[in-house]
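See below for input-v4.cif, which holds mmCIF, N, CA and C atoms.
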data_work
#
loop_
_atom_site.label_atom_id
_atom_site.label_comp_id
_atom_site.auth_asym_id
_atom_site.auth_seq_id
_atom_site.Cartn_x
_atom_site.Cartn_y
_atom_site.Cartn_z
N MET I 40 -111.03 173.91 -33.89
CA MET I 40 -110.96 173.50 -35.27
C MET I 40 -111.91 172.32 -35.45
N ARG I 41 -112.86 172.47 -36.35
CA ARG I 41 -113.82 171.39 -36.60
C ARG I 41 -113.12 170.22 -37.27
N ASP I 42 -113.66 169.04 -37.02
CA ASP I 42 -113.11 167.85 -37.68
C ASP I 42 -113.57 167.84 -39.13
N ARG I 43 -112.62 167.85 -40.02
CA ARG I 43 -112.92 167.79 -41.44
C ARG I 43 -112.25 166.55 -42.01
N HIS I 44 -112.75 166.12 -43.12
CA HIS I 44 -112.12 165.00 -43.81
C HIS I 44 -110.70 165.42 -44.20
N PRO I 45 -109.72 164.55 -43.99
CA PRO I 45 -108.32 164.95 -44.26
C PRO I 45 -108.08 165.43 -45.69
N VAL I 46 -108.77 164.85 -46.64
CA VAL I 46 -108.58 165.27 -48.03
C VAL I 46 -109.07 166.71 -48.22
N MET I 47 -110.22 167.03 -47.63
CA MET I 47 -110.75 168.39 -47.74
C MET I 47 -109.82 169.39 -47.06
N ARG I 48 -109.28 168.99 -45.91
CA ARG I 48 -108.35 169.86 -45.19
C ARG I 48 -107.12 170.16 -46.03
N ILE I 49 -106.57 169.14 -46.65
CA ILE I 49 -105.37 169.33 -47.49
C ILE I 49 -105.71 170.18 -48.70
N LEU I 50 -106.86 169.95 -49.30
CA LEU I 50 -107.27 170.77 -50.45
C LEU I 50 -107.42 172.24 -50.06
N GLN I 51 -108.04 172.48 -48.91
CA GLN I 51 -108.22 173.86 -48.47
C GLN I 51 -106.90 174.51 -48.10
N LEU I 52 -105.99 173.76 -47.50
CA LEU I 52 -104.66 174.30 -47.20
C LEU I 52 -103.91 174.64 -48.48
N THR I 53 -104.01 173.76 -49.47
CA THR I 53 -103.35 174.00 -50.76
C THR I 53 -103.94 175.23 -51.44
N LEU I 54 -105.26 175.35 -51.44
CA LEU I 54 -105.89 176.51 -52.04
C LEU I 54 -105.50 177.79 -51.31
N GLY I 55 -105.43 177.72 -49.97
CA GLY I 55 -104.99 178.88 -49.19
C GLY I 55 -103.58 179.29 -49.55
N GLY I 56 -102.68 178.32 -49.69
CA GLY I 56 -101.31 178.62 -50.09
C GLY I 56 -101.24 179.23 -51.48
N LEU I 57 -102.04 178.71 -52.41
CA LEU I 57 -102.07 179.27 -53.76
C LEU I 57 -102.60 180.71 -53.76
N LEU I 58 -103.59 180.97 -52.90
CA LEU I 58 -104.10 182.34 -52.81
C LEU I 58 -103.03 183.29 -52.26
N LEU I 59 -102.23 182.82 -51.29
CA LEU I 59 -101.16 183.66 -50.76
C LEU I 59 -100.10 183.94 -51.83
N VAL I 60 -99.77 182.92 -52.62
CA VAL I 60 -98.80 183.13 -53.70
C VAL I 60 -99.39 184.09 -54.73
N GLY I 61 -100.68 183.93 -55.05
CA GLY I 61 -101.33 184.84 -55.98
C GLY I 61 -101.34 186.27 -55.47
N ALA I 62 -101.52 186.43 -54.16
CA ALA I 62 -101.49 187.78 -53.57
C ALA I 62 -100.12 188.40 -53.72
N ALA I 63 -99.07 187.60 -53.53
CA ALA I 63 -97.72 188.12 -53.69
C ALA I 63 -97.44 188.52 -55.13
N LEU I 64 -97.97 187.75 -56.07
CA LEU I 64 -97.78 188.08 -57.48
C LEU I 64 -98.59 189.30 -57.91
N MET I 65 -99.75 189.50 -57.31
CA MET I 65 -100.59 190.64 -57.67
C MET I 65 -100.22 191.91 -56.91
N GLY I 66 -99.35 191.79 -55.91
CA GLY I 66 -98.97 192.93 -55.09
C GLY I 66 -98.47 194.13 -55.88
N PRO I 67 -97.57 193.94 -56.85
CA PRO I 67 -97.06 195.09 -57.59
C PRO I 67 -98.07 195.74 -58.54
N LEU I 68 -99.13 195.02 -58.87
CA LEU I 68 -100.12 195.57 -59.80
C LEU I 68 -100.97 196.63 -59.11
N PRO I 69 -101.44 197.62 -59.84
CA PRO I 69 -102.30 198.64 -59.22
C PRO I 69 -103.65 198.04 -58.83
N GLY I 70 -104.19 198.55 -57.75
CA GLY I 70 -105.49 198.09 -57.27
C GLY I 70 -105.34 197.20 -56.05
N PRO I 71 -106.46 196.95 -55.38
CA PRO I 71 -106.41 196.20 -54.11
C PRO I 71 -106.61 194.70 -54.25
N GLY I 72 -106.47 194.13 -55.44
CA GLY I 72 -106.75 192.70 -55.64
C GLY I 72 -105.97 191.77 -54.75
N GLY I 73 -104.71 192.08 -54.51
CA GLY I 73 -103.87 191.21 -53.70
C GLY I 73 -104.33 191.11 -52.25
N ILE I 74 -104.93 192.17 -51.75
CA ILE I 74 -105.39 192.17 -50.35
C ILE I 74 -106.49 191.12 -50.16
N PHE I 75 -107.40 191.03 -51.12
CA PHE I 75 -108.49 190.07 -51.00
C PHE I 75 -107.99 188.64 -51.13
N LEU I 76 -107.04 188.41 -52.02
CA LEU I 76 -106.45 187.08 -52.14
C LEU I 76 -105.72 186.69 -50.86
N PHE I 77 -104.97 187.64 -50.28
CA PHE I 77 -104.25 187.38 -49.05
C PHE I 77 -105.21 187.03 -47.91
N ALA I 78 -106.28 187.80 -47.78
CA ALA I 78 -107.26 187.53 -46.71
C ALA I 78 -107.91 186.17 -46.89
N GLY I 79 -108.29 185.84 -48.12
CA GLY I 79 -108.89 184.52 -48.37
C GLY I 79 -107.94 183.38 -48.06
N GLY I 80 -106.68 183.53 -48.46
CA GLY I 80 -105.68 182.50 -48.17
C GLY I 80 -105.45 182.34 -46.69
N MET I 81 -105.37 183.46 -45.96
CA MET I 81 -105.17 183.38 -44.51
C MET I 81 -106.34 182.70 -43.82
N ILE I 82 -107.54 183.01 -44.26
CA ILE I 82 -108.73 182.39 -43.66
C ILE I 82 -108.68 180.88 -43.84
N LEU I 83 -108.40 180.42 -45.05
CA LEU I 83 -108.36 178.98 -45.29
C LEU I 83 -107.24 178.31 -44.50
N ILE I 84 -106.09 178.93 -44.43
CA ILE I 84 -104.98 178.32 -43.70
C ILE I 84 -105.24 178.31 -42.20
N LEU I 85 -105.74 179.41 -41.65
CA LEU I 85 -105.98 179.47 -40.20
C LEU I 85 -107.10 178.54 -39.76
N ARG I 86 -108.04 178.26 -40.63
CA ARG I 86 -109.13 177.36 -40.26
C ARG I 86 -108.72 175.89 -40.33
N ASN I 87 -107.63 175.59 -41.02
CA ASN I 87 -107.28 174.20 -41.24
C ASN I 87 -105.93 173.78 -40.69
N SER I 88 -105.17 174.67 -40.09
CA SER I 88 -103.83 174.32 -39.64
C SER I 88 -103.61 174.76 -38.19
N ARG I 89 -103.39 173.80 -37.31
CA ARG I 89 -103.10 174.11 -35.92
C ARG I 89 -101.78 174.87 -35.81
N TRP I 90 -100.78 174.49 -36.62
CA TRP I 90 -99.48 175.15 -36.61
C TRP I 90 -99.65 176.64 -36.92
N ALA I 91 -100.45 176.96 -37.94
CA ALA I 91 -100.67 178.36 -38.31
C ALA I 91 -101.42 179.10 -37.22
N GLN I 92 -102.34 178.44 -36.55
CA GLN I 92 -103.09 179.09 -35.47
C GLN I 92 -102.17 179.47 -34.32
N VAL I 93 -101.22 178.60 -33.98
CA VAL I 93 -100.28 178.90 -32.91
C VAL I 93 -99.40 180.09 -33.30
N ARG I 94 -98.91 180.09 -34.53
CA ARG I 94 -98.07 181.20 -34.99
C ARG I 94 -98.86 182.51 -35.03
N TRP I 95 -100.12 182.43 -35.44
CA TRP I 95 -100.96 183.63 -35.49
C TRP I 95 -101.19 184.18 -34.08
N ALA I 96 -101.36 183.30 -33.10
CA ALA I 96 -101.53 183.76 -31.71
C ALA I 96 -100.28 184.49 -31.24
N ARG I 97 -99.11 184.02 -31.62
CA ARG I 97 -97.87 184.70 -31.24
C ARG I 97 -97.79 186.09 -31.89
N VAL I 98 -98.17 186.17 -33.14
CA VAL I 98 -98.15 187.47 -33.84
C VAL I 98 -99.12 188.44 -33.16
N LYS I 99 -100.30 187.94 -32.78
CA LYS I 99 -101.29 188.80 -32.13
C LYS I 99 -100.80 189.30 -30.78
N ARG I 100 -100.06 188.46 -30.05
CA ARG I 100 -99.53 188.90 -28.76
C ARG I 100 -98.47 189.98 -28.96
N ARG I 101 -97.71 189.86 -30.02
CA ARG I 101 -96.64 190.84 -30.24
C ARG I 101 -97.19 192.16 -30.77
N TRP I 102 -98.16 192.11 -31.68
CA TRP I 102 -98.77 193.31 -32.26
C TRP I 102 -100.29 193.24 -32.08
N PRO I 103 -100.80 193.54 -30.89
CA PRO I 103 -102.23 193.34 -30.62
C PRO I 103 -103.18 194.19 -31.46
N ARG I 104 -102.81 195.42 -31.77
CA ARG I 104 -103.72 196.25 -32.57
C ARG I 104 -103.94 195.67 -33.95
N ILE I 105 -102.86 195.24 -34.59
CA ILE I 105 -102.98 194.66 -35.93
C ILE I 105 -103.73 193.33 -35.86
N GLY I 106 -103.39 192.51 -34.86
CA GLY I 106 -104.06 191.22 -34.72
C GLY I 106 -105.55 191.36 -34.50
N ASN I 107 -105.97 192.30 -33.66
CA ASN I 107 -107.41 192.51 -33.41
C ASN I 107 -108.11 192.99 -34.66
N MET I 108 -107.48 193.89 -35.41
CA MET I 108 -108.09 194.41 -36.63
C MET I 108 -108.27 193.29 -37.66
N VAL I 109 -107.25 192.47 -37.83
CA VAL I 109 -107.34 191.38 -38.80
C VAL I 109 -108.37 190.36 -38.37
N ASP I 110 -108.41 190.03 -37.08
CA ASP I 110 -109.42 189.10 -36.59
C ASP I 110 -110.83 189.62 -36.83
N ARG I 111 -111.03 190.91 -36.65
CA ARG I 111 -112.35 191.50 -36.88
C ARG I 111 -112.73 191.38 -38.35
N VAL I 112 -111.79 191.67 -39.24
CA VAL I 112 -112.06 191.59 -40.67
C VAL I 112 -112.33 190.14 -41.09
N MET I 113 -111.59 189.20 -40.49
CA MET I 113 -111.74 187.79 -40.84
C MET I 113 -112.93 187.14 -40.13
N ARG I 114 -113.59 187.88 -39.22
CA ARG I 114 -114.75 187.40 -38.47
C ARG I 114 -114.42 186.12 -37.71
N ARG I 115 -113.28 186.13 -37.04
CA ARG I 115 -112.85 184.97 -36.27
C ARG I 115 -113.62 184.90 -34.96
N PRO I 116 -113.97 183.70 -34.50
CA PRO I 116 -114.72 183.55 -33.24
C PRO I 116 -113.97 184.13 -32.04
N SER I 117 -112.65 184.07 -32.05
CA SER I 117 -111.90 184.60 -30.91
C SER I 117 -112.12 186.11 -30.77
N GLU I 118 -112.28 186.80 -31.87
CA GLU I 118 -112.51 188.24 -31.80
C GLU I 118 -113.88 188.53 -31.21
N ARG I 119 -114.88 187.75 -31.56
CA ARG I 119 -116.23 187.96 -31.00
C ARG I 119 -116.22 187.69 -29.50
N ARG I 120 -115.53 186.64 -29.06
CA ARG I 120 -115.44 186.35 -27.62
C ARG I 120 -114.74 187.48 -26.89
N ARG I 121 -113.64 187.97 -27.47
CA ARG I 121 -112.87 189.04 -26.84
C ARG I 121 -113.70 190.32 -26.74
N ARG I 122 -114.43 190.64 -27.79
CA ARG I 122 -115.26 191.85 -27.77
C ARG I 122 -116.38 191.73 -26.74
N ALA I 123 -117.02 190.55 -26.64
CA ALA I 123 -118.08 190.35 -25.64
C ALA I 123 -117.50 190.44 -24.23
N ARG I 124 -116.32 189.87 -24.02
CA ARG I 124 -115.68 189.94 -22.70
C ARG I 124 -115.34 191.37 -22.33
N ASP I 125 -114.85 192.13 -23.29
CA ASP I 125 -114.50 193.53 -23.01
C ASP I 125 -115.74 194.36 -22.70
N ARG I 126 -116.86 194.05 -23.35
CA ARG I 126 -118.10 194.76 -23.06
C ARG I 126 -118.57 194.49 -21.64
N VAL I 127 -118.48 193.23 -21.22
CA VAL I 127 -118.91 192.86 -19.86
C VAL I 127 -117.98 193.52 -18.84
N LEU I 128 -116.68 193.44 -19.07
CA LEU I 128 -115.73 194.02 -18.12
C LEU I 128 -115.80 195.54 -18.11
N GLY I 129 -116.14 196.14 -19.24
CA GLY I 129 -116.24 197.59 -19.31
C GLY I 129 -117.47 198.15 -18.61
N SER I 130 -118.51 197.32 -18.47
CA SER I 130 -119.75 197.81 -17.84
C SER I 130 -119.69 197.73 -16.32
N ARG I 131 -118.67 197.11 -15.78
CA ARG I 131 -118.56 197.00 -14.31
C ARG I 131 -118.04 198.24 -13.69
#
Go ahead and render the structure in this file as C-alpha coordinates.
Amino acid sequence: MRDRHPVMRILQLTLGGLLLVGAALMGPLPGPGGIFLFAGGMILILRNSRWAQVRWARVKRRWPRIGNMVDRVMRRPSERRRRARDRVLGSR
(Lines of atoms letter the chains of each structure in order from A and count residues from 1; the text may use other names and numbers.)
(Lines give C-alpha, C1' and ligand atoms only; values in the text may rest on other atoms or scores of the structure.)
Protein backbone atom coordinates (compact mmCIF):
# COMPACT_ATOMS: atom_id res chain seq x y z
CA MET A 1 0.00 0.00 0.00
CA ARG A 2 1.54 3.29 -1.08
CA ASP A 3 1.85 6.07 1.43
CA ARG A 4 -0.91 8.55 0.78
CA HIS A 5 -1.89 11.67 2.61
CA PRO A 6 -4.33 10.64 5.38
CA VAL A 7 -7.00 13.04 4.15
CA MET A 8 -6.88 11.57 0.63
CA ARG A 9 -7.03 8.06 2.05
CA ILE A 10 -10.12 8.87 4.10
CA LEU A 11 -11.77 10.58 1.13
CA GLN A 12 -11.11 7.57 -1.09
CA LEU A 13 -12.39 5.17 1.57
CA THR A 14 -15.54 7.27 1.95
CA LEU A 15 -16.07 7.38 -1.81
CA GLY A 16 -15.53 3.61 -2.00
CA GLY A 17 -18.14 3.06 0.71
CA LEU A 18 -20.60 5.35 -1.08
CA LEU A 19 -20.06 3.43 -4.31
CA LEU A 20 -20.81 0.15 -2.50
CA VAL A 21 -24.01 1.62 -1.06
CA GLY A 22 -24.93 2.92 -4.52
CA ALA A 23 -24.34 -0.55 -5.97
CA ALA A 24 -26.70 -2.05 -3.39
CA LEU A 25 -29.35 0.53 -4.25
CA MET A 26 -28.96 -0.02 -8.00
CA GLY A 27 -29.00 -3.81 -7.66
CA PRO A 28 -32.76 -4.26 -8.15
CA LEU A 29 -32.80 -2.00 -11.22
CA PRO A 30 -32.45 -3.62 -14.64
CA GLY A 31 -29.03 -3.42 -16.25
CA PRO A 32 -25.47 -3.96 -15.06
CA GLY A 33 -24.91 -0.52 -13.44
CA GLY A 34 -24.52 -1.87 -9.92
CA ILE A 35 -21.68 -4.18 -10.93
CA PHE A 36 -19.52 -1.27 -12.06
CA LEU A 37 -20.23 0.72 -8.90
CA PHE A 38 -19.39 -2.32 -6.77
CA ALA A 39 -16.10 -2.90 -8.60
CA GLY A 40 -15.11 0.76 -8.28
CA GLY A 41 -15.93 0.80 -4.58
CA MET A 42 -13.98 -2.39 -3.94
CA ILE A 43 -10.95 -1.03 -5.78
CA LEU A 44 -10.90 2.15 -3.71
CA ILE A 45 -11.39 0.32 -0.43
CA LEU A 46 -8.81 -2.41 -1.12
CA ARG A 47 -6.20 0.14 -2.16
CA ASN A 48 -6.63 2.20 0.99
CA SER A 49 -7.47 -0.18 3.84
CA ARG A 50 -5.15 -2.78 5.33
CA TRP A 51 -8.12 -4.29 7.22
CA ALA A 52 -9.99 -4.83 3.94
CA GLN A 53 -6.91 -6.34 2.31
CA VAL A 54 -6.59 -8.93 5.08
CA ARG A 55 -10.28 -9.83 4.82
CA TRP A 56 -10.02 -10.06 1.03
CA ALA A 57 -7.06 -12.45 1.35
CA ARG A 58 -9.18 -14.70 3.59
CA VAL A 59 -12.02 -14.68 1.06
CA LYS A 60 -9.60 -15.57 -1.74
CA ARG A 61 -8.23 -18.51 0.26
CA ARG A 62 -11.72 -19.82 0.86
CA TRP A 63 -12.99 -19.34 -2.73
CA PRO A 64 -9.88 -19.21 -4.96
CA ARG A 65 -11.65 -19.29 -8.34
CA ILE A 66 -13.79 -16.28 -7.52
CA GLY A 67 -10.89 -14.44 -5.90
CA ASN A 68 -8.61 -14.96 -8.91
CA MET A 69 -11.30 -13.82 -11.33
CA VAL A 70 -12.02 -10.66 -9.33
CA ASP A 71 -8.31 -9.89 -8.96
CA ARG A 72 -7.87 -10.22 -12.72
CA VAL A 73 -10.78 -7.86 -13.39
CA MET A 74 -9.49 -5.37 -10.80
CA ARG A 75 -5.94 -5.63 -12.27
CA ARG A 76 -4.43 -6.17 -8.85
CA PRO A 77 -0.63 -6.59 -8.68
CA SER A 78 -1.00 -9.84 -6.72
CA GLU A 79 -2.81 -11.41 -9.67
CA ARG A 80 -0.02 -10.44 -12.08
CA ARG A 81 2.62 -11.91 -9.74
CA ARG A 82 0.61 -15.11 -9.35
CA ARG A 83 0.12 -15.48 -13.10
CA ALA A 84 3.85 -14.91 -13.79
CA ARG A 85 4.76 -17.45 -11.09
CA ASP A 86 2.37 -20.02 -12.55
CA ARG A 87 3.86 -19.51 -16.02
CA VAL A 88 7.39 -20.11 -14.72
CA LEU A 89 6.35 -23.16 -12.70
CA GLY A 90 4.30 -24.52 -15.58
CA SER A 91 7.24 -24.39 -18.02
CA ARG A 92 9.42 -26.63 -15.84
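One finds atom C of Arg43 of chain I at 28.8 Å from atom C of Ile105 of chain I.
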**Q.** Top pick for closest residue to Leu59 of chain I, considering I:Val46, I:Gly80, I:Phe75, I:Arg97 and counting all atoms listed in the file
**A.**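 Of I:Val46, I:Gly80, I:Phe75, I:Arg97, the one nearest Leu59 of chain I is I:Gly80, counting all atoms listed in the file.
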Q. Taking the backbone alone, and naming residues the way the document does, which bits of chain I are alpha helix (DSSP H) by DSSP, as a PyMOL selection string?
A. chain I and resi 45-65+72-87+89-101+103-113+116-129
(Q) Please determine, counting all atoms listed in the file, which residue among I:Arg119, I:Ile49, I:Ile74, I:Ile82 has the shortest atom-to-atom distance to Gly61 of chain I. (A)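 The answer is I:Ile74, which sits nearest to Gly61 of chain I.
The gap separating atom CA of Leu52 of chain I from atom CA of Arg104 of chain I is 26.4 Å, in Å to one decimal.
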Q: Find the distance between atom C of Leu83 of chain I and atom CA of Gly56 of chain I and write it in Å to one decimal.
A: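 We find that atom C of Leu83 of chain I and atom CA of Gly56 of chain I lie 8.2 Å from each other.
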